[in-house]
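One structure below.
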Amino acid sequence: MNVLVINAGSSSLKYQLINIESREVLAKGICERVGSDSAFHKHGIDDNEIVHDTPMEDHDAAMALVLEALTSGPNKVIDSLDEIDAVGHRVVQGGKYFSASAFIDDDVIAKIDELAELAPLHNKAALMGINACRHSMPGKPMVAVFDTSFFQSLPPKAYMYPIPYEYYEKYSLRKYGAHGTSHRYVADRAAQFLDENLSDLKMITCHLGNGCSMTAIDHGVAIDTSMGLTPLDGLMMGTRCGSIDPAIVPFLMEHEDLTFNEVNDVMNKQSGLLGISGISNDLRSVRTASEEGHERAQLAYEMYSHSVKKYLGQYIAEMGGVDVIVVTAGVGENCEKMRRMIFAGLQTMGIILDPEKNRHGKGEREISSDESQVQILIIPTNEELMIALDTLDVVEHMRLEGTL
Ligand code: ADP
């Protein structure tokens with residue numbers, strides 16, 4: 001079984017063709033700057049990557065290039081589109097409608113469209129990807145996998161904002177979370193790694209990349225997460241500020257004479273590691289500068305780890321303890337120094353990092369010391385594989401039911 005995983009952005013189309021039995025990525029690539037004169041298509045198998053500058057008017061044109069590259073030319077991996085059994089689409093916002101991945105039909109498309117009000121750029125882009133696949137592969141089973149569905153289990157006390165209730169009723173303003181596919185994947189893998197049932201564990205998963213979020217998973221059920229109505233909330237990130245005093249927004253608008261869009265830009269694109277260090281949103285550059293004595297880079301580094309610590313404390317309090325903490329994504333998987341700073345001083349809470357294990361190793365592994373009551377794991381995330389597995393699950397279930 002081969003599943004094509006599509007992650008469509010407003011001007012990009014990322015894809016992976018995954019063989020489910022072997023879990024192998026047969027080919028992957030990206031079409032970028034779709035709709036502009038400088039569009040290009042990168043397509044590769046293993047380290048063999050081909051880049052073509054080629055015009056793409058829209059997502060339909062990009063999809064046609066992707067399917068052509070998969071089935072012909074030097075980097076072809078399948079003989080015909082019949083070898084693609086199903087397509088899985090990443091969709092950012094599933095709102096209150098989707099607590100699980102869903103087979104894409106007209107009703108699901110209408111709901112994704114309706115929810116675009118909550119994630120305008122993202123859901124519209126996903127629809128462009130979905131429509132492009134419908135046009136190029138009519139009748140191919142397709143499944144939508146939502147970033148938010150894992151968090152539909154949150155209780156109202158965690159997802160409501162303490163603002164007038166009418167705004168929730170009028171606009172569905174509440175916490176929806178994001179990165180759900182990643183949190184779900186690493187939580188499942190962590191339980192398998194430990195040979196335990198997820199439903200027996202209190203777990204905190206930390207997705208620390210450019211975008212950062214953390215989730216409290218109590219006996220297999222997500223009960224709180226750090227991202228909110230949008231992915232701006234929660235932890236300090238590469239360029240996003242995370243939670244700040246909301247009064248800063250009107251203050252800046254008034255004192256810097258900023259429009260709504262400008263202040264939005266400040267919080268989404270000019271804050272976080274970049275805003276504090278003044279150097280970069282990339283933690284590697286911030287680390288190098290901090291080691292050379294750059295004070296603001298040191299501050300940025302400290303703030304990032306402090307922000308993770310705050311949520312660890314919050315979620316331990318919410319669950320009445322924790323058995324397993326999982327770190328993942330670019331920073332979580334690779335930055336030994338940041339992990340050291342995050343877990344420093346938590347010994348009295350039974351959380352003890354093993355410095356040697358933290359420094360060495362690759363792939364899925366435990367990095368807590370033998371005396372630690374809490375197990376700390378690194379689990380590399382794989383959202384595409386999770387989307388492919390979900391797609392297969394939904395399609396097989398429908399086949400068994402006889403509805404496909
Ligand atoms: P995205 O949210 O864009 O998917 P990633 O999960 O790829 O982000 O994470 C990107 C972040 O990971 C960047 O800040 C980058 O500096 C950091 N990173 C990647 N490799 C390392 C490393 N070896 N050491 C420290 N930071 C790293």
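If you're wondering about the labels, chains in the structure tokens are A, B, ... by order shown, residues count from 1 in each chain, ligands from 1 in order shown.
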Residues within 9 Å of ligand 1, counting only C-alpha atoms and all ligand atoms, as a ChimeraX atom specification: /A:207-212,237-238,273,280-287,328-338,381
Can you pull out every residue within 12 Å of Glu318 (chain A), counting only C-alpha atoms, but drop anything in the same chain fewer than 6 positions away, and send it as an mmCIF file with all heavy atoms, in the first residue's frame?
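part_7.cif was written with the following content:
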data_model
loop_
_atom_site.group_PDB
_atom_site.id
_atom_site.type_symbol
_atom_site.label_atom_id
_atom_site.label_comp_id
_atom_site.auth_asym_id
_atom_site.auth_seq_id
_atom_site.Cartn_x
_atom_site.Cartn_y
_atom_site.Cartn_z
ATOM 1 N N PRO A 155 -11.025 19.364 28.317
ATOM 2 C CA PRO A 155 -12.257 19.774 28.998
ATOM 3 C C PRO A 155 -12.478 21.279 28.830
ATOM 4 O O PRO A 155 -11.518 22.027 28.610
ATOM 5 C CB PRO A 155 -11.965 19.427 30.461
ATOM 6 C CG PRO A 155 -10.483 19.465 30.579
ATOM 7 C CD PRO A 155 -9.920 19.075 29.248
ATOM 8 N N LYS A 157 -12.841 23.611 30.878
ATOM 9 C CA LYS A 157 -12.034 24.483 31.758
ATOM 10 C C LYS A 157 -10.656 24.746 31.152
ATOM 11 O O LYS A 157 -10.001 25.723 31.490
ATOM 12 C CB LYS A 157 -11.920 23.899 33.170
ATOM 13 C CG LYS A 157 -11.129 22.612 33.241
ATOM 14 C CD LYS A 157 -11.078 22.068 34.652
ATOM 15 C CE LYS A 157 -10.362 20.713 34.634
ATOM 16 N NZ LYS A 157 -10.472 19.975 35.864
ATOM 17 N N ALA A 158 -10.192 23.861 30.268
ATOM 18 C CA ALA A 158 -8.883 24.070 29.631
ATOM 19 C C ALA A 158 -9.019 24.794 28.299
ATOM 20 O O ALA A 158 -8.114 25.530 27.911
ATOM 21 C CB ALA A 158 -8.182 22.735 29.414
ATOM 22 N N LYS A 202 0.944 9.051 32.626
ATOM 23 C CA LYS A 202 0.783 10.509 32.589
ATOM 24 C C LYS A 202 1.984 11.033 31.805
ATOM 25 O O LYS A 202 3.132 10.801 32.214
ATOM 26 C CB LYS A 202 0.816 11.088 34.000
ATOM 27 C CG LYS A 202 -0.389 10.705 34.844
ATOM 28 C CD LYS A 202 -0.254 11.273 36.238
ATOM 29 C CE LYS A 202 -1.420 10.800 37.086
ATOM 30 N NZ LYS A 202 -1.353 11.288 38.460
ATOM 31 N N MET A 203 1.715 11.699 30.705
ATOM 32 C CA MET A 203 2.802 12.052 29.793
ATOM 33 C C MET A 203 2.752 13.538 29.422
ATOM 34 O O MET A 203 1.661 14.109 29.303
ATOM 35 C CB MET A 203 2.654 11.200 28.523
ATOM 36 C CG MET A 203 3.855 11.213 27.620
ATOM 37 S SD MET A 203 3.612 10.253 26.107
ATOM 38 C CE MET A 203 3.813 8.584 26.649
ATOM 39 N N ILE A 204 3.921 14.142 29.258
ATOM 40 C CA ILE A 204 3.978 15.504 28.698
ATOM 41 C C ILE A 204 4.817 15.427 27.431
ATOM 42 O O ILE A 204 5.950 14.919 27.470
ATOM 43 C CB ILE A 204 4.607 16.506 29.693
ATOM 44 C CG1 ILE A 204 3.760 16.583 30.971
ATOM 45 C CG2 ILE A 204 4.712 17.897 29.053
ATOM 46 C CD1 ILE A 204 4.381 17.442 32.072
ATOM 47 N N THR A 215 1.983 19.409 25.337
ATOM 48 C CA THR A 215 0.668 18.831 25.601
ATOM 49 C C THR A 215 0.733 17.933 26.830
ATOM 50 O O THR A 215 1.705 17.187 27.004
ATOM 51 C CB THR A 215 0.207 18.001 24.376
ATOM 52 O OG1 THR A 215 0.115 18.878 23.257
ATOM 53 C CG2 THR A 215 -1.149 17.368 24.603
ATOM 54 N N ALA A 216 -0.313 18.017 27.647
ATOM 55 C CA ALA A 216 -0.458 17.117 28.792
ATOM 56 C C ALA A 216 -1.395 15.993 28.373
ATOM 57 O O ALA A 216 -2.529 16.260 27.959
ATOM 58 C CB ALA A 216 -1.040 17.871 29.983
ATOM 59 N N ILE A 217 -0.902 14.747 28.451
ATOM 60 C CA ILE A 217 -1.705 13.592 28.018
ATOM 61 C C ILE A 217 -1.896 12.687 29.236
ATOM 62 O O ILE A 217 -0.957 12.022 29.686
ATOM 63 C CB ILE A 217 -1.006 12.836 26.860
ATOM 64 C CG1 ILE A 217 -0.688 13.818 25.718
ATOM 65 C CG2 ILE A 217 -1.887 11.702 26.343
ATOM 66 C CD1 ILE A 217 0.198 13.233 24.625
ATOM 67 N N ASP A 218 -3.095 12.731 29.789
ATOM 68 C CA ASP A 218 -3.387 12.022 31.029
ATOM 69 C C ASP A 218 -4.034 10.678 30.713
ATOM 70 O O ASP A 218 -5.165 10.633 30.248
ATOM 71 C CB ASP A 218 -4.339 12.893 31.872
ATOM 72 C CG ASP A 218 -4.386 12.438 33.317
ATOM 73 O OD1 ASP A 218 -3.744 11.424 33.648
ATOM 74 O OD2 ASP A 218 -5.085 13.101 34.106
ATOM 75 N N ALA A 222 -5.568 13.747 25.772
ATOM 76 C CA ALA A 222 -4.994 15.094 25.831
ATOM 77 C C ALA A 222 -5.903 15.961 26.691
ATOM 78 O O ALA A 222 -7.107 16.081 26.418
ATOM 79 C CB ALA A 222 -4.874 15.670 24.424
ATOM 80 N N ILE A 223 -5.361 16.542 27.776
ATOM 81 C CA ILE A 223 -6.203 17.358 28.660
ATOM 82 C C ILE A 223 -5.819 18.839 28.623
ATOM 83 O O ILE A 223 -6.557 19.684 29.099
ATOM 84 C CB ILE A 223 -6.183 16.853 30.121
ATOM 85 C CG1 ILE A 223 -4.742 16.834 30.655
ATOM 86 C CG2 ILE A 223 -6.830 15.472 30.237
ATOM 87 C CD1 ILE A 223 -4.641 17.267 32.072
ATOM 88 N N ASP A 224 -4.654 19.140 28.085
ATOM 89 C CA ASP A 224 -4.308 20.565 27.927
ATOM 90 C C ASP A 224 -3.179 20.676 26.907
ATOM 91 O O ASP A 224 -2.410 19.729 26.703
ATOM 92 C CB ASP A 224 -3.869 21.194 29.250
ATOM 93 C CG ASP A 224 -4.170 22.697 29.284
ATOM 94 O OD1 ASP A 224 -4.485 23.278 28.212
ATOM 95 O OD2 ASP A 224 -4.094 23.296 30.370
ATOM 96 N N THR A 225 -3.101 21.808 26.257
ATOM 97 C CA THR A 225 -2.033 22.046 25.278
ATOM 98 C C THR A 225 -1.736 23.528 25.237
ATOM 99 O O THR A 225 -2.587 24.356 25.597
ATOM 100 C CB THR A 225 -2.425 21.473 23.901
ATOM 101 O OG1 THR A 225 -1.261 21.436 23.071
ATOM 102 C CG2 THR A 225 -3.506 22.296 23.212
ATOM 103 N N TYR A 311 5.631 25.455 31.513
ATOM 104 C CA TYR A 311 4.551 24.539 31.103
ATOM 105 C C TYR A 311 4.719 23.157 31.720
ATOM 106 O O TYR A 311 3.736 22.485 32.009
ATOM 107 C CB TYR A 311 4.449 24.465 29.572
ATOM 108 C CG TYR A 311 3.660 25.632 29.031
ATOM 109 C CD1 TYR A 311 4.289 26.791 28.627
ATOM 110 C CD2 TYR A 311 2.270 25.575 28.975
ATOM 111 C CE1 TYR A 311 3.566 27.873 28.171
ATOM 112 C CE2 TYR A 311 1.530 26.653 28.519
ATOM 113 C CZ TYR A 311 2.182 27.801 28.112
ATOM 114 O OH TYR A 311 1.456 28.871 27.668
ATOM 115 N N LEU A 312 5.988 22.738 31.918
ATOM 116 C CA LEU A 312 6.192 21.446 32.609
ATOM 117 C C LEU A 312 5.521 21.518 33.973
ATOM 118 O O LEU A 312 4.741 20.633 34.351
ATOM 119 C CB LEU A 312 7.692 21.161 32.788
ATOM 120 C CG LEU A 312 8.468 20.633 31.593
ATOM 121 C CD1 LEU A 312 9.939 20.440 31.968
ATOM 122 C CD2 LEU A 312 7.897 19.309 31.080
#
Determine, counting only C-alpha atoms, which protein, DNA and RNA residues have an atom within 7 Å of an atom of Thr205 (chain A); residues of the same chain fewer than 4 positions away are not included. Present the result as a PyMOL selection string. chain A and resi 183+187+214-216+325-327
For the residues selected in the previous step, produce a file with C-alpha atoms as a JSON list (two decimals), in the first residue's frame.
[["chain", "number", "residue", "atom", "x", "y", "z"],
["A", 183, "HIS", "CA", 2.04, 15.04, 19.74],
["A", 187, "ALA", "CA", 3.06, 9.82, 22.50],
["A", 214, "MET", "CA", 3.50, 21.20, 24.72],
["A", 215, "THR", "CA", 0.67, 18.83, 25.60],
["A", 216, "ALA", "CA", -0.46, 17.12, 28.79],
["A", 325, "ILE", "CA", 8.33, 13.53, 29.35],
["A", 326, "VAL", "CA", 8.96, 13.36, 25.60],
["A", 327, "VAL", "CA", 10.94, 15.94, 23.62]]
Run DSSP on the backbone of this structure and report the residues of region 58-266 of chain A it assigns to strand (DSSP E), as number ranges by chain. A: 86-91, 102-103, 142-146, 202-208, 212-218, 221-225
Would you pick out the contacts of region 8-20 of chain A at 9 Å or less, using only C-alpha atoms, so that residues sharing its chain but fewer than 2 positions from it are not included, and give the list as a ChimeraX atom specification? /A:1-6,22-36,58-59,62-63,66,70,84,89-91,121-130,384-385,388-389,392
Give the helix (DSSP H, G or I) residues of region 10-230 of chain A, as DSSP finds them on the backbone, and put them as a PyMOL selection string. chain A and resi 59-71+81-83+106-117+120-136+149-153+156-159+165-171+180-194+198-200
Shell around region 173-178 of chain A at 12 Å using only C-alpha atoms, local window under 6 positions removed, as JSON, numbers by chain: {"A": [90, 91, 92, 93, 94, 95, 96, 97, 98, 99, 115, 117, 118, 119, 122, 145, 146, 147, 148, 149, 150, 151, 152, 153, 154, 155, 156, 157, 158, 159, 160, 161, 162, 163, 164, 165, 166, 167, 184, 207, 211, 212, 213, 214, 215, 216, 222, 223, 224, 225, 226, 227, 228, 229, 230, 231, 232, 233, 234]}
Non-local contacts of Asp354 (chain A) (10 Å; only C-alpha atoms; under 6 positions in same chain excluded) as a list of chain:residue names: A:Arg340, A:Glu366, A:Ile367, A:Ser368, A:Ser369, A:Asp370, A:Glu371, A:Ser372, A:Ile376
Spatial neighbours of Met142 (chain A), 9 Å, only C-alpha atoms, chain gap at least 5 places, as number ranges by chain: A: 86-89, 102-105, 130, 133-134, 391, 395
Please produce a file of the residues just selected, as a JSON list (two decimals), in the first residue's frame, where the atoms kept are N, CA, C and O atoms.
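File produced: again26.json:
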[["chain", "number", "residue", "atom", "x", "y", "z"],
["A", 86, "ALA", "N", -4.11, 5.70, -1.73],
["A", 86, "ALA", "CA", -4.94, 6.74, -1.09],
["A", 86, "ALA", "C", -4.07, 7.97, -0.88],
["A", 86, "ALA", "O", -2.85, 7.91, -0.96],
["A", 87, "VAL", "N", -4.76, 9.10, -0.62],
["A", 87, "VAL", "CA", -4.05, 10.36, -0.37],
["A", 87, "VAL", "C", -4.46, 10.90, 1.00],
["A", 87, "VAL", "O", -5.65, 10.92, 1.33],
["A", 88, "GLY", "N", -3.46, 11.29, 1.80],
["A", 88, "GLY", "CA", -3.74, 11.91, 3.11],
["A", 88, "GLY", "C", -3.37, 13.37, 3.06],
["A", 88, "GLY", "O", -2.28, 13.72, 2.60],
["A", 89, "HIS", "N", -4.28, 14.23, 3.51],
["A", 89, "HIS", "CA", -4.03, 15.67, 3.49],
["A", 89, "HIS", "C", -3.89, 16.21, 4.90],
["A", 89, "HIS", "O", -4.73, 15.93, 5.76],
["A", 102, "ALA", "N", -10.76, 12.24, 8.86],
["A", 102, "ALA", "CA", -12.05, 12.00, 8.19],
["A", 102, "ALA", "C", -11.87, 11.74, 6.70],
["A", 102, "ALA", "O", -11.04, 12.38, 6.04],
["A", 103, "PHE", "N", -12.68, 10.82, 6.19],
["A", 103, "PHE", "CA", -12.71, 10.56, 4.75],
["A", 103, "PHE", "C", -13.24, 11.82, 4.05],
["A", 103, "PHE", "O", -14.24, 12.40, 4.47],
["A", 104, "ILE", "N", -12.57, 12.23, 2.99],
["A", 104, "ILE", "CA", -12.96, 13.50, 2.35],
["A", 104, "ILE", "C", -14.09, 13.29, 1.36],
["A", 104, "ILE", "O", -13.94, 12.60, 0.36],
["A", 105, "ASP", "N", -15.24, 13.89, 1.71],
["A", 105, "ASP", "CA", -16.37, 13.93, 0.77],
["A", 105, "ASP", "C", -16.84, 15.38, 0.72],
["A", 105, "ASP", "O", -16.20, 16.27, 1.31],
["A", 130, "ILE", "N", -6.50, 19.65, -1.83],
["A", 130, "ILE", "CA", -7.54, 18.62, -1.96],
["A", 130, "ILE", "C", -8.16, 18.69, -3.36],
["A", 130, "ILE", "O", -8.33, 17.67, -4.04],
["A", 133, "CYS", "N", -5.90, 17.36, -6.10],
["A", 133, "CYS", "CA", -5.88, 15.89, -6.15],
["A", 133, "CYS", "C", -7.16, 15.35, -6.75],
["A", 133, "CYS", "O", -7.15, 14.36, -7.48],
["A", 134, "ARG", "N", -8.27, 15.98, -6.41],
["A", 134, "ARG", "CA", -9.55, 15.53, -6.98],
["A", 134, "ARG", "C", -9.53, 15.66, -8.50],
["A", 134, "ARG", "O", -10.03, 14.80, -9.22],
["A", 391, "THR", "N", -4.58, 7.69, 7.28],
["A", 391, "THR", "CA", -5.28, 7.59, 5.98],
["A", 391, "THR", "C", -5.63, 6.13, 5.70],
["A", 391, "THR", "O", -6.76, 5.80, 5.36],
["A", 395, "VAL", "N", -9.44, 4.44, 5.45],
["A", 395, "VAL", "CA", -9.83, 3.80, 4.19],
["A", 395, "VAL", "C", -10.14, 2.31, 4.43],
["A", 395, "VAL", "O", -11.15, 1.80, 3.97]]
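Take CA of Ile379 (chain A) and CA of Ser305 (chain A): the distance between them is 18.6 Å.
What separates CA of Lys42 (chain A) from CA of Pro74 (chain A) is a distance of 13.1 Å.
Pairwise distance (CA of Ala297 (chain A), CA of Arg359 (chain A)) equals 22.0 Å.
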